[in-house]
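input_6.cif follows (mmCIF, C-alpha atoms and all ligand atoms):
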```
data_my_file
loop_
_atom_site.label_atom_id
_atom_site.label_comp_id
_atom_site.auth_asym_id
_atom_site.auth_seq_id
_atom_site.Cartn_x
_atom_site.Cartn_y
_atom_site.Cartn_z
CA MET Y 1282 72.36 152.84 -38.44
CA LYS Y 1283 73.61 149.71 -40.13
CA ASP Y 1284 71.33 146.74 -39.98
CA THR Y 1285 74.08 144.11 -40.12
CA ALA Y 1286 73.92 141.66 -37.24
CA PRO Y 1287 76.76 141.82 -34.72
CA PRO Y 1288 79.45 139.21 -35.36
CA LYS Y 1289 78.48 136.01 -33.60
CA SER Y 1290 81.03 134.13 -31.58
CA PHE Y 1291 81.99 130.70 -32.83
CA LEU Y 1292 80.54 127.85 -30.78
CA PRO Y 1293 82.83 124.79 -30.79
CA TYR Y 1294 81.23 121.41 -30.05
CA GLY Y 1295 82.88 121.44 -26.63
CA ARG Y 1296 85.37 123.39 -24.56
CA GLN Y 1297 86.73 123.78 -21.05
CA GLN Y 1298 85.67 126.41 -18.53
CA ILE Y 1299 88.52 127.85 -16.46
CA ASP Y 1300 87.99 130.58 -13.85
CA ALA Y 1301 90.19 132.71 -11.58
CA GLU Y 1302 90.01 130.11 -8.82
CA ASP Y 1303 91.47 127.49 -11.18
CA GLU Y 1304 94.24 129.90 -12.19
CA GLN Y 1305 95.06 130.60 -8.54
CA ALA Y 1306 95.21 126.88 -7.73
CA VAL Y 1307 97.72 126.26 -10.52
CA LEU Y 1308 99.77 129.31 -9.56
CA GLU Y 1309 100.09 128.10 -5.97
CA VAL Y 1310 101.54 124.78 -7.11
CA LEU Y 1311 103.92 126.52 -9.53
CA ARG Y 1312 105.26 128.58 -6.63
CA GLY Y 1313 105.65 125.51 -4.38
CA ASP Y 1314 108.15 122.65 -4.22
CA PHE Y 1315 106.51 119.97 -6.35
CA LEU Y 1316 105.91 120.23 -10.04
CA THR Y 1317 105.69 116.55 -10.87
CA THR Y 1318 103.73 113.98 -8.84
CA GLY Y 1319 103.57 115.22 -5.23
CA PRO Y 1320 101.08 116.02 -2.49
CA THR Y 1321 98.54 117.67 -4.81
CA VAL Y 1322 98.15 114.45 -6.81
CA ASP Y 1323 97.42 112.65 -3.51
CA THR Y 1324 94.82 115.21 -2.51
CA TYR Y 1325 93.27 115.14 -5.98
CA GLU Y 1326 93.06 111.34 -5.95
CA LYS Y 1327 91.41 111.32 -2.53
CA ALA Y 1328 88.89 113.98 -3.54
CA PHE Y 1329 88.13 112.19 -6.81
CA ALA Y 1330 87.65 108.80 -5.10
CA GLU Y 1331 85.34 110.38 -2.57
CA ARG Y 1332 83.30 112.19 -5.23
CA VAL Y 1333 82.63 109.05 -7.25
CA GLY Y 1334 82.36 106.73 -4.25
CA ALA Y 1335 85.34 104.46 -5.03
CA LYS Y 1336 87.95 103.12 -2.61
CA HIS Y 1337 90.90 104.10 -4.83
CA ALA Y 1338 91.56 106.71 -7.50
CA VAL Y 1339 94.80 106.62 -9.49
CA ALA Y 1340 95.54 109.76 -11.50
CA CYS Y 1341 97.56 109.44 -14.70
CA SER Y 1342 98.80 111.43 -17.66
CA SER Y 1343 95.85 110.79 -20.02
CA GLY Y 1344 92.76 108.68 -20.44
CA THR Y 1345 94.64 106.68 -23.05
CA ALA Y 1346 97.47 105.99 -20.58
CA GLY Y 1347 94.79 105.01 -18.07
CA LEU Y 1348 93.31 102.43 -20.44
CA HIS Y 1349 96.78 100.99 -21.04
CA MET Y 1350 97.39 100.84 -17.27
CA ALA Y 1351 94.04 99.09 -16.80
CA ALA Y 1352 94.94 96.48 -19.45
CA ILE Y 1353 98.26 95.89 -17.67
CA ALA Y 1354 96.63 95.70 -14.23
CA LEU Y 1355 94.21 93.05 -15.50
CA GLY Y 1356 97.16 91.05 -16.84
CA LEU Y 1357 95.81 91.08 -20.40
CA ASP Y 1358 98.32 89.61 -22.81
CA PHE Y 1359 98.98 87.90 -26.13
CA GLY Y 1360 96.16 85.48 -27.01
CA ASP Y 1361 93.56 87.23 -24.85
CA VAL Y 1362 90.48 88.78 -26.41
CA VAL Y 1363 88.69 91.91 -25.16
CA VAL Y 1364 85.22 93.00 -26.30
CA VAL Y 1365 85.01 96.70 -27.24
CA PRO Y 1366 82.05 98.51 -28.85
CA SER Y 1367 82.79 99.66 -32.39
CA VAL Y 1368 81.44 103.16 -31.67
CA THR Y 1369 84.02 104.75 -29.37
CA PHE Y 1370 87.24 106.73 -29.53
CA LEU Y 1371 90.30 104.96 -30.97
CA ALA Y 1372 92.00 104.72 -27.57
CA THR Y 1373 89.50 102.23 -26.09
CA ALA Y 1374 90.56 99.56 -28.59
CA ASN Y 1375 94.17 100.65 -29.01
CA ALA Y 1376 94.85 100.00 -25.30
CA VAL Y 1377 94.01 96.34 -25.91
CA ARG Y 1378 96.55 96.20 -28.72
CA TYR Y 1379 99.24 97.88 -26.56
CA VAL Y 1380 99.37 94.69 -24.46
CA ASN Y 1381 99.21 92.46 -27.57
CA ALA Y 1382 95.71 91.22 -26.77
CA ASP Y 1383 93.09 91.27 -29.53
CA VAL Y 1384 89.95 93.33 -29.91
CA LEU Y 1385 86.57 91.82 -30.63
CA PHE Y 1386 84.29 94.58 -31.86
CA ALA Y 1387 80.69 94.44 -30.72
CA ASP Y 1388 77.77 96.24 -32.34
CA VAL Y 1389 75.80 99.02 -30.66
CA ASP Y 1390 72.18 100.09 -30.55
CA PRO Y 1391 71.55 102.36 -33.59
CA GLU Y 1392 69.47 104.81 -31.51
CA THR Y 1393 71.49 105.05 -28.25
CA GLY Y 1394 74.97 104.16 -29.51
CA LEU Y 1395 75.40 101.82 -26.54
CA MET Y 1396 76.54 98.20 -26.45
CA SER Y 1397 74.34 95.66 -24.66
CA ALA Y 1398 74.84 92.10 -23.38
CA GLU Y 1399 73.11 90.88 -26.54
CA HIS Y 1400 75.63 92.66 -28.75
CA VAL Y 1401 78.46 91.13 -26.74
CA ALA Y 1402 76.91 87.68 -26.94
CA ARG Y 1403 76.59 88.02 -30.71
CA ALA Y 1404 80.25 89.10 -31.02
CA ILE Y 1405 81.48 86.22 -28.86
CA ALA Y 1406 79.32 83.50 -30.47
CA GLY Y 1407 81.49 80.76 -31.90
CA LEU Y 1408 84.66 81.63 -29.98
CA SER Y 1409 86.11 78.89 -27.81
CA GLU Y 1410 85.49 79.31 -24.11
CA GLY Y 1411 88.10 81.14 -22.11
CA THR Y 1412 89.49 83.23 -25.00
CA VAL Y 1413 87.53 86.33 -24.07
CA LYS Y 1414 89.01 87.83 -20.92
CA ALA Y 1415 87.45 91.27 -20.54
CA ILE Y 1416 84.80 93.74 -21.68
CA PHE Y 1417 85.45 97.47 -22.06
CA PRO Y 1418 81.95 99.01 -22.09
CA VAL Y 1419 81.79 102.68 -23.14
CA HIS Y 1420 79.31 105.08 -21.53
CA LEU Y 1421 79.00 106.97 -24.83
CA THR Y 1422 77.99 110.66 -24.71
CA GLY Y 1423 77.17 110.47 -20.97
CA HIS Y 1424 74.41 107.90 -20.64
CA THR Y 1425 75.42 104.46 -19.49
CA VAL Y 1426 75.73 100.89 -20.68
CA ASP Y 1427 73.61 98.36 -18.76
CA ILE Y 1428 76.62 96.90 -16.95
CA ALA Y 1429 74.38 94.85 -14.65
CA GLY Y 1430 73.04 93.14 -17.78
CA LEU Y 1431 76.61 92.48 -18.93
CA ARG Y 1432 77.64 91.17 -15.51
CA LYS Y 1433 74.63 88.83 -15.41
CA VAL Y 1434 75.41 87.19 -18.73
CA PHE Y 1435 79.22 87.32 -18.39
CA PRO Y 1436 79.97 86.94 -14.68
CA HIS Y 1437 83.59 85.86 -15.22
CA LEU Y 1438 84.82 88.62 -17.52
CA ALA Y 1439 86.91 91.48 -16.16
CA MET Y 1440 85.40 94.90 -16.79
CA VAL Y 1441 86.95 98.28 -17.56
CA GLU Y 1442 84.30 100.97 -17.93
CA ASP Y 1443 85.36 103.74 -20.30
CA ALA Y 1444 83.58 106.59 -18.53
CA CYS Y 1445 85.37 109.47 -20.30
CA HIS Y 1446 81.94 110.90 -21.21
CA ALA Y 1447 80.13 110.11 -17.98
CA LEU Y 1448 81.87 111.82 -15.04
CA GLY Y 1449 79.22 113.10 -12.65
CA GLY Y 1450 76.54 110.71 -13.90
CA GLU Y 1451 74.73 107.99 -11.98
CA TYR Y 1452 73.37 104.58 -12.87
CA ASP Y 1453 71.22 101.95 -11.26
CA VAL Y 1454 72.80 98.52 -11.36
CA GLY Y 1455 70.36 97.01 -8.88
CA GLN Y 1456 71.17 99.02 -5.76
CA GLY Y 1457 69.50 102.33 -6.61
CA MET Y 1458 71.38 105.20 -8.28
CA VAL Y 1459 75.13 105.17 -7.59
CA PRO Y 1460 77.84 107.37 -9.12
CA VAL Y 1461 79.61 106.27 -12.29
CA GLY Y 1462 83.14 105.49 -11.07
CA SER Y 1463 82.03 103.72 -7.90
CA CYS Y 1464 82.69 100.39 -9.70
CA PRO Y 1465 79.60 98.74 -8.15
CA LEU Y 1466 80.23 95.50 -10.06
CA GLY Y 1467 84.01 95.42 -9.63
CA GLY Y 1468 86.78 96.12 -12.11
CA ILE Y 1469 88.14 99.52 -13.07
CA THR Y 1470 86.51 102.71 -14.32
CA MET Y 1471 88.51 105.13 -16.48
CA PHE Y 1472 87.98 108.88 -16.88
CA SER Y 1473 89.73 111.41 -19.10
CA THR Y 1474 90.24 115.04 -18.11
CA HIS Y 1475 91.09 116.26 -21.61
CA PRO Y 1476 89.69 119.82 -22.01
CA VAL Y 1477 86.58 118.78 -23.96
CA LYS Y 1478 85.56 116.35 -21.20
CA THR Y 1479 83.54 117.32 -18.12
CA ILE Y 1480 86.50 118.57 -16.05
CA ALA Y 1481 89.87 119.62 -17.47
CA THR Y 1482 93.48 119.17 -16.38
CA GLY Y 1483 95.11 119.88 -19.78
CA GLU Y 1484 95.97 116.25 -20.41
CA GLY Y 1485 95.07 113.72 -17.75
CA GLY Y 1486 93.08 110.72 -16.65
CA VAL Y 1487 91.85 109.04 -13.49
CA LEU Y 1488 91.20 105.36 -12.83
CA THR Y 1489 88.96 104.22 -9.98
CA THR Y 1490 88.62 100.79 -8.40
CA ASN Y 1491 87.58 99.19 -5.12
CA SER Y 1492 90.25 96.49 -5.42
CA ASP Y 1493 93.47 96.94 -3.42
CA VAL Y 1494 95.25 94.51 -5.76
CA LEU Y 1495 94.22 96.37 -8.93
CA ALA Y 1496 95.03 99.77 -7.40
CA ASN Y 1497 98.50 98.52 -6.54
CA ARG Y 1498 99.11 97.23 -10.05
CA LEU Y 1499 97.86 100.49 -11.55
CA GLY Y 1500 100.47 102.27 -9.42
CA TRP Y 1501 103.23 100.04 -10.82
CA ALA Y 1502 102.11 100.52 -14.39
CA ARG Y 1503 102.13 104.30 -13.87
CA ASN Y 1504 105.61 104.53 -12.41
CA HIS Y 1505 108.14 102.26 -14.19
CA GLY Y 1506 107.04 99.13 -12.32
CA MET Y 1507 108.89 100.42 -9.24
CA VAL Y 1508 108.22 98.81 -5.86
CA ARG Y 1509 109.31 100.85 -2.84
CA GLU Y 1510 107.49 99.04 -0.02
CA PRO Y 1511 110.08 96.93 1.88
CA GLU Y 1512 107.50 94.22 2.61
CA ARG Y 1513 107.25 93.55 -1.12
CA PHE Y 1514 110.99 93.30 -1.82
CA GLN Y 1515 111.93 90.03 -3.49
CA ASN Y 1516 115.68 90.39 -2.94
CA GLN Y 1517 116.09 90.54 0.84
CA ALA Y 1518 119.89 90.61 0.68
CA MET Y 1519 119.91 93.78 -1.41
CA GLY Y 1520 116.87 95.43 0.13
CA PHE Y 1521 117.94 95.23 3.78
CA GLU Y 1522 121.12 96.01 5.75
CA ALA Y 1523 121.35 94.57 9.26
CA GLY Y 1524 117.58 94.09 9.24
CA ASN Y 1525 116.76 97.66 8.16
CA PRO Y 1526 115.32 98.51 4.73
CA ALA Y 1527 117.91 100.30 2.58
CA PRO Y 1528 116.63 103.89 2.14
CA TRP Y 1529 117.66 104.15 -1.53
CA TYR Y 1530 116.44 100.75 -2.58
CA TYR Y 1531 113.62 99.93 -4.99
CA GLU Y 1532 112.80 96.96 -7.14
CA MET Y 1533 111.23 96.48 -10.51
CA HIS Y 1534 108.98 93.45 -10.91
CA LEU Y 1535 107.39 94.38 -14.22
CA PRO Y 1536 108.34 96.97 -16.83
CA GLY Y 1537 106.02 99.92 -16.23
CA TYR Y 1538 105.76 103.34 -17.86
CA ASN Y 1539 105.94 106.97 -16.90
CA TYR Y 1540 102.23 107.74 -16.97
CA ARG Y 1541 102.29 110.07 -13.96
CA LEU Y 1542 100.15 113.20 -13.67
CA SER Y 1543 101.99 116.33 -12.51
CA ASP Y 1544 101.01 118.34 -9.44
CA VAL Y 1545 100.40 121.30 -11.76
CA ASN Y 1546 97.72 119.37 -13.65
CA ALA Y 1547 96.36 117.87 -10.42
CA ALA Y 1548 95.90 121.36 -8.95
CA LEU Y 1549 93.70 122.25 -11.89
CA GLY Y 1550 91.81 118.96 -11.54
CA LEU Y 1551 91.20 119.49 -7.84
CA SER Y 1552 89.86 122.99 -8.47
CA GLN Y 1553 87.72 121.81 -11.40
CA LEU Y 1554 86.30 118.93 -9.37
CA LYS Y 1555 84.67 121.46 -7.03
CA LYS Y 1556 82.66 122.70 -10.01
CA LEU Y 1557 81.67 119.28 -11.31
CA ASP Y 1558 78.11 119.40 -9.97
CA ALA Y 1559 77.54 122.83 -11.48
CA PHE Y 1560 79.01 121.75 -14.83
CA VAL Y 1561 76.82 118.65 -14.92
CA ALA Y 1562 73.68 120.58 -13.98
CA LYS Y 1563 74.33 123.10 -16.75
CA ARG Y 1564 75.03 120.38 -19.31
CA ARG Y 1565 71.76 118.67 -18.36
CA ALA Y 1566 69.78 121.89 -18.70
CA LEU Y 1567 71.32 122.66 -22.10
CA ARG Y 1568 70.67 119.15 -23.39
CA GLU Y 1569 67.08 119.41 -22.16
CA ARG Y 1570 66.69 122.59 -24.17
CA TYR Y 1571 68.12 120.85 -27.25
CA ALA Y 1572 65.61 118.02 -26.78
CA GLU Y 1573 62.69 120.47 -26.64
CA ARG Y 1574 63.82 122.40 -29.70
CA VAL Y 1575 64.92 119.42 -31.82
CA ALA Y 1576 61.57 117.68 -31.20
CA ALA Y 1577 59.98 120.34 -33.42
CA LEU Y 1578 62.24 119.65 -36.41
CA GLY Y 1579 60.21 116.79 -37.86
CA PRO Y 1580 60.77 113.07 -38.38
CA HIS Y 1581 64.22 113.21 -39.98
CA VAL Y 1582 65.99 114.96 -37.09
CA LYS Y 1583 65.94 113.64 -33.56
CA MET Y 1584 68.08 113.54 -30.47
CA GLN Y 1585 69.97 110.34 -29.73
CA ARG Y 1586 67.62 108.16 -27.67
CA VAL Y 1587 68.39 108.21 -23.92
CA ALA Y 1588 69.10 104.87 -22.23
CA GLY Y 1589 67.06 103.94 -19.15
CA GLY Y 1590 68.52 103.08 -15.76
CA CYS Y 1591 70.71 106.13 -15.44
CA ASN Y 1592 70.85 109.79 -14.63
CA PRO Y 1593 73.22 110.89 -17.41
CA ALA Y 1594 75.89 113.59 -17.16
CA TRP Y 1595 75.94 114.72 -20.77
CA HIS Y 1596 79.32 115.13 -22.45
CA LEU Y 1597 77.83 115.43 -25.93
CA ALA Y 1598 74.53 116.60 -27.44
CA VAL Y 1599 74.05 114.17 -30.32
CA THR Y 1600 71.39 114.49 -32.98
CA LEU Y 1601 70.58 111.67 -35.38
CA ILE Y 1602 69.79 113.12 -38.78
CA ASP Y 1603 68.57 111.30 -41.89
CA PHE Y 1604 70.65 113.33 -44.34
CA ASP Y 1605 69.47 111.31 -47.37
CA ALA Y 1606 65.79 111.89 -46.62
CA LEU Y 1607 66.52 115.62 -46.33
CA GLY Y 1608 68.33 115.63 -49.68
CA THR Y 1609 71.66 116.74 -48.26
CA THR Y 1610 74.93 115.36 -46.92
CA ARG Y 1611 76.61 115.61 -43.54
CA THR Y 1612 79.56 117.37 -45.17
CA GLU Y 1613 77.28 120.07 -46.58
CA VAL Y 1614 75.53 120.52 -43.26
CA MET Y 1615 78.74 120.66 -41.21
CA ASN Y 1616 80.38 123.13 -43.59
CA ALA Y 1617 77.29 125.36 -43.69
CA LEU Y 1618 77.00 125.34 -39.90
CA ARG Y 1619 80.69 126.17 -39.55
CA GLU Y 1620 80.20 129.21 -41.80
CA ARG Y 1621 77.39 130.28 -39.49
CA GLY Y 1622 79.58 129.98 -36.41
CA VAL Y 1623 78.43 126.56 -35.22
CA GLY Y 1624 81.02 123.84 -34.69
CA THR Y 1625 79.88 120.23 -34.92
CA GLN Y 1626 81.63 116.87 -34.81
CA VAL Y 1627 81.00 113.19 -35.50
CA HIS Y 1628 81.42 110.80 -32.56
CA TYR Y 1629 82.62 108.35 -33.79
CA ILE Y 1630 83.75 106.68 -37.01
CA PRO Y 1631 83.16 103.00 -36.10
CA LEU Y 1632 86.50 101.42 -35.22
CA HIS Y 1633 85.87 98.33 -37.35
CA ARG Y 1634 85.97 100.72 -40.33
CA GLN Y 1635 89.45 102.02 -39.46
CA PRO Y 1636 92.01 100.67 -41.95
CA TYR Y 1637 94.23 99.18 -39.22
CA TYR Y 1638 91.39 97.23 -37.62
CA ALA Y 1639 89.73 96.32 -40.95
CA ARG Y 1640 93.07 94.88 -42.08
CA ARG Y 1641 93.56 92.96 -38.84
CA TYR Y 1642 90.05 91.61 -38.34
CA GLY Y 1643 88.59 91.69 -41.84
CA PRO Y 1644 85.20 93.12 -42.81
CA LEU Y 1645 82.67 92.96 -39.95
CA ASN Y 1646 78.92 93.24 -40.15
CA LEU Y 1647 77.93 95.69 -37.41
CA PRO Y 1648 74.78 97.35 -38.79
CA GLY Y 1649 73.89 99.18 -35.56
CA ALA Y 1650 77.28 100.92 -35.43
CA ASP Y 1651 77.08 101.85 -39.12
CA ALA Y 1652 73.51 103.16 -38.79
CA TYR Y 1653 74.43 105.26 -35.74
CA TYR Y 1654 77.50 106.63 -37.51
CA ALA Y 1655 75.57 107.48 -40.69
CA ARG Y 1656 73.25 109.84 -38.80
CA CYS Y 1657 75.10 111.20 -35.76
CA LEU Y 1658 76.09 114.84 -35.41
CA SER Y 1659 77.29 116.35 -32.12
CA LEU Y 1660 76.07 119.90 -31.52
CA PRO Y 1661 77.85 122.40 -29.24
CA LEU Y 1662 77.57 121.57 -25.54
CA PHE Y 1663 79.68 123.14 -22.81
CA PRO Y 1664 78.85 124.86 -19.53
CA ALA Y 1665 79.63 128.43 -20.65
CA MET Y 1666 76.80 128.22 -23.24
CA ALA Y 1667 73.49 129.95 -22.62
CA GLU Y 1668 70.11 128.51 -23.54
CA SER Y 1669 69.96 131.21 -26.21
CA ASP Y 1670 73.06 129.64 -27.76
CA VAL Y 1671 71.14 126.36 -28.00
CA ASP Y 1672 68.30 128.22 -29.70
CA ARG Y 1673 70.75 129.78 -32.13
CA VAL Y 1674 72.29 126.38 -32.95
CA VAL Y 1675 68.90 124.76 -33.56
CA ASP Y 1676 67.70 127.73 -35.64
CA GLU Y 1677 70.83 127.52 -37.81
CA LEU Y 1678 70.46 123.75 -38.12
CA ALA Y 1679 66.80 124.09 -39.17
CA SER Y 1680 67.77 126.74 -41.70
CA VAL Y 1681 70.65 124.71 -43.15
CA LEU Y 1682 68.36 121.65 -43.41
CA LYS Y 1683 65.65 123.87 -44.97
CA LEU Y 1684 63.13 122.80 -42.32
C1 LIG X 1701 88.73 111.18 -24.64
C2 LIG X 1701 88.49 109.73 -24.70
C3 LIG X 1701 89.51 108.78 -24.51
C4 LIG X 1701 90.96 109.14 -24.41
O1 LIG X 1701 91.25 110.05 -23.40
P1 LIG X 1701 92.54 111.00 -23.52
O2 LIG X 1701 92.61 111.66 -22.18
O3 LIG X 1701 92.29 111.96 -24.64
O4 LIG X 1701 93.72 110.13 -23.78
C5 LIG X 1701 89.15 107.44 -24.50
N1 LIG X 1701 87.87 107.04 -24.67
C6 LIG X 1701 86.87 107.92 -24.87
C7 LIG X 1701 85.47 107.41 -25.04
C8 LIG X 1701 87.15 109.29 -24.91
O5 LIG X 1701 86.16 110.16 -25.14
#
```

If you convert what's in this file into structure tokens, what do you get?
Amino acid sequence: MKDTAPPKSFLPYGRQQIDAEDEQAVLEVLRGDFLTTGPTVDTYEKAFAERVGAKHAVACSSGTAGLHMAAIALGLDFGDVVVVPSVTFLATANAVRYVNADVLFADVDPETGLMSAEHVARAIAGLSEGTVKAIFPVHLTGHTVDIAGLRKVFPHLAMVEDACHALGGEYDVGQGMVPVGSCPLGGITMFSTHPVKTIATGEGGVLTTNSDVLANRLGWARNHGMVREPERFQNQAMGFEAGNPAPWYYEMHLPGYNYRLSDVNAALGLSQLKKLDAFVAKRRALRERYAERVAALGPHVKMQRVAGGCNPAWHLAVTLIDFDALGTTRTEVMNALRERGVGTQVHYIPLHRQPYYARRYGPLNLPGADAYYARCLSLPLFPAMAESDVDRVVDELASVLKL
């Protein structure tokens, strides 16, 4: 008998979980009449809105498209400034630039990675009143920004919550725990359904809001700026014949985009949504196991600190590691883990360090973002993992770090 260990499967930092029910749901749509936006998108939007407790859900082709739509719906434009945390994915800030507004990067807490009202206040200090129009808080890794704190200090700013990491989570903004996406303080919440996120549609995003006006504008932005409701027609002479709305007629009031989700993708989303609670529960259990195991690794390795005031739905399991103190580098650790079948990732390179933004806004002093970035490492976390996989990851990490 050979004593070589069986080959171990590679654990990526995240991945989707698709079952036979999901496959069947997609197949049914493929065999039906609608491939692009049709009745399944409607059903998906209704189910999504109900699940997160929002009045409206608007599905779109990606989270990035959703952020762009949100910026359009808020009327952000040249000369406007939007506060974005430096630690987030590129798309959160890029959406601001799509509408020619400017980004003001705020710092984040070095232990949680989250932006607070204080960070925003520090970023805004010195700017003339009225320049800053909106805040895009990011619920990084699955725990949530204190949006009640933001709302208290900045009551007049529009808010778009980037909740790509937080679907299925809850937060307390002064009314007890409510779902992320219910927009308890107004504005728009944006979710991505990219396969590494909590539910998958291939590519896709969903925006939620309780505002009829914003929901309407999101619809325009998604579909070429087309208006089909006769009561909104601006050109009565063209839109009506003998008092009846012309059946072919539509108007464009603003140039929109094609950011529609297809019924094929929506079918997958609808089927995945049914499993959201199970996915979230599993992610919580796995992260709990990480927390128990990582606690034993000594002072230079710890889990990202968890923010209060929320019941997180974990998208990522982030450790903060003092690589210097351990006499190693993140590159060495990531490469060694990869060789041992453990995929890791860094979320995220602070945006103020990206050449495009550094060129545009000059060097910024955001020590919290830099300190978080220097230490963060995302370990594998996805619902198909077993607790024994967590043990394997932590054992390999301890071994690579010589702990
Ligand atoms: C994934 C992600 C996005 C972009 O979503 P896509 O669907 O990939 O376009 C934006 N912000 C954050 C924080 C994300 O994680």

Per-residue nearest contacts of chain Y to ligand LIG 1701 (chain X) (9 Å; all atoms listed in the file) as a tab-separated table:
```
residue	atom	partner	partner_atom	distance
Y:Ser1342	CA	X:LIG1701	O2	7.7
Y:Ser1343	CA	X:LIG1701	O2	4.0
Y:Gly1344	CA	X:LIG1701	O2	3.5
Y:Thr1345	CA	X:LIG1701	O4	3.6
Y:Ala1346	CA	X:LIG1701	O4	6.4
Y:Gly1347	CA	X:LIG1701	O4	7.7
Y:Leu1348	CA	X:LIG1701	C5	7.7
Y:Val1368	CA	X:LIG1701	C7	8.8
Y:Thr1369	CA	X:LIG1701	C7	5.3
Y:Phe1370	CA	X:LIG1701	C6	4.8
Y:Leu1371	CA	X:LIG1701	C5	7.0
Y:Ala1372	CA	X:LIG1701	C5	5.0
Y:Thr1373	CA	X:LIG1701	N1	5.3
Y:Ala1374	CA	X:LIG1701	N1	8.9
Y:Val1419	CA	X:LIG1701	C7	6.3
Y:His1420	CA	X:LIG1701	C7	7.5
Y:Leu1421	CA	X:LIG1701	C7	6.5
Y:Thr1422	CA	X:LIG1701	C7	8.2
Y:Asp1443	CA	X:LIG1701	C7	6.0
Y:Ala1444	CA	X:LIG1701	C7	6.8
Y:Cys1445	CA	X:LIG1701	C8	4.9
Y:His1446	CA	X:LIG1701	O5	5.8
Y:Met1471	CA	X:LIG1701	C5	8.4
Y:Phe1472	CA	X:LIG1701	O1	7.4
Y:Ser1473	CA	X:LIG1701	O2	4.2
Y:Thr1474	CA	X:LIG1701	O2	5.8
Y:His1475	CA	X:LIG1701	O2	4.9
Y:Pro1476	CA	X:LIG1701	O2	8.7
Y:Val1477	CA	X:LIG1701	C1	7.9
Y:Lys1478	CA	X:LIG1701	C1	7.0
Y:Gly1483	CA	X:LIG1701	O2	8.9
Y:Glu1484	CA	X:LIG1701	O2	6.0
Y:Gly1485	CA	X:LIG1701	O2	5.5
Y:Gly1486	CA	X:LIG1701	O2	5.6
Y:His1596	CA	X:LIG1701	O5	8.9
Y:His1628	CA	X:LIG1701	O5	8.8
```

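Take the candidates Y:Gly1455, Y:Gly1360, Y:Gly1590, Y:Pro1536 and check each one against Ala1382 (chain Y) using all atoms listed in the file; the shortest distance goes to Y:Gly1360.
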
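Shortest atom-to-atom contact with Tyr1642 (chain Y) among Y:Leu1567, Y:Pro1664, Y:Leu1385, Y:Arg1673: Y:Leu1385, counting all atoms listed in the file.
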
Do you have the CA of Val1365 (chain Y)-CA of Val1426 (chain Y) distance handy? 12.1 Å

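CA of Cys1341 (chain Y) lies 11.3 Å from CA of Tyr1325 (chain Y).
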
Identify, on the basis of only C-alpha atoms, every residue whose closest approach to region 1574-1584 of chain Y does not exceed 8 Å; exclude the query and any residue fewer than 3 positions from it along the same chain; express the result as an MDAnalysis selection string. chainID Y and resid 1570:1571 1598:1604 1606:1607 1672 1675 1679 1684

Could you name the residues that touch Gln1635 (chain Y) at 12 Å or less, counting all atoms listed in the file, but leaving out those on the same chain fewer than 3 positions away, as JSON, numbers by chain? {"Y": [1367, 1368, 1369, 1370, 1371, 1374, 1375, 1386, 1629, 1630, 1631, 1632, 1638, 1639, 1640, 1641, 1642, 1643, 1644, 1645]}

Between Y:Pro1320, Y:Arg1498, Y:Leu1311, Y:Pro1528, single out the one closest to His1349 (chain Y), counting all atoms listed in the file. Y:Arg1498
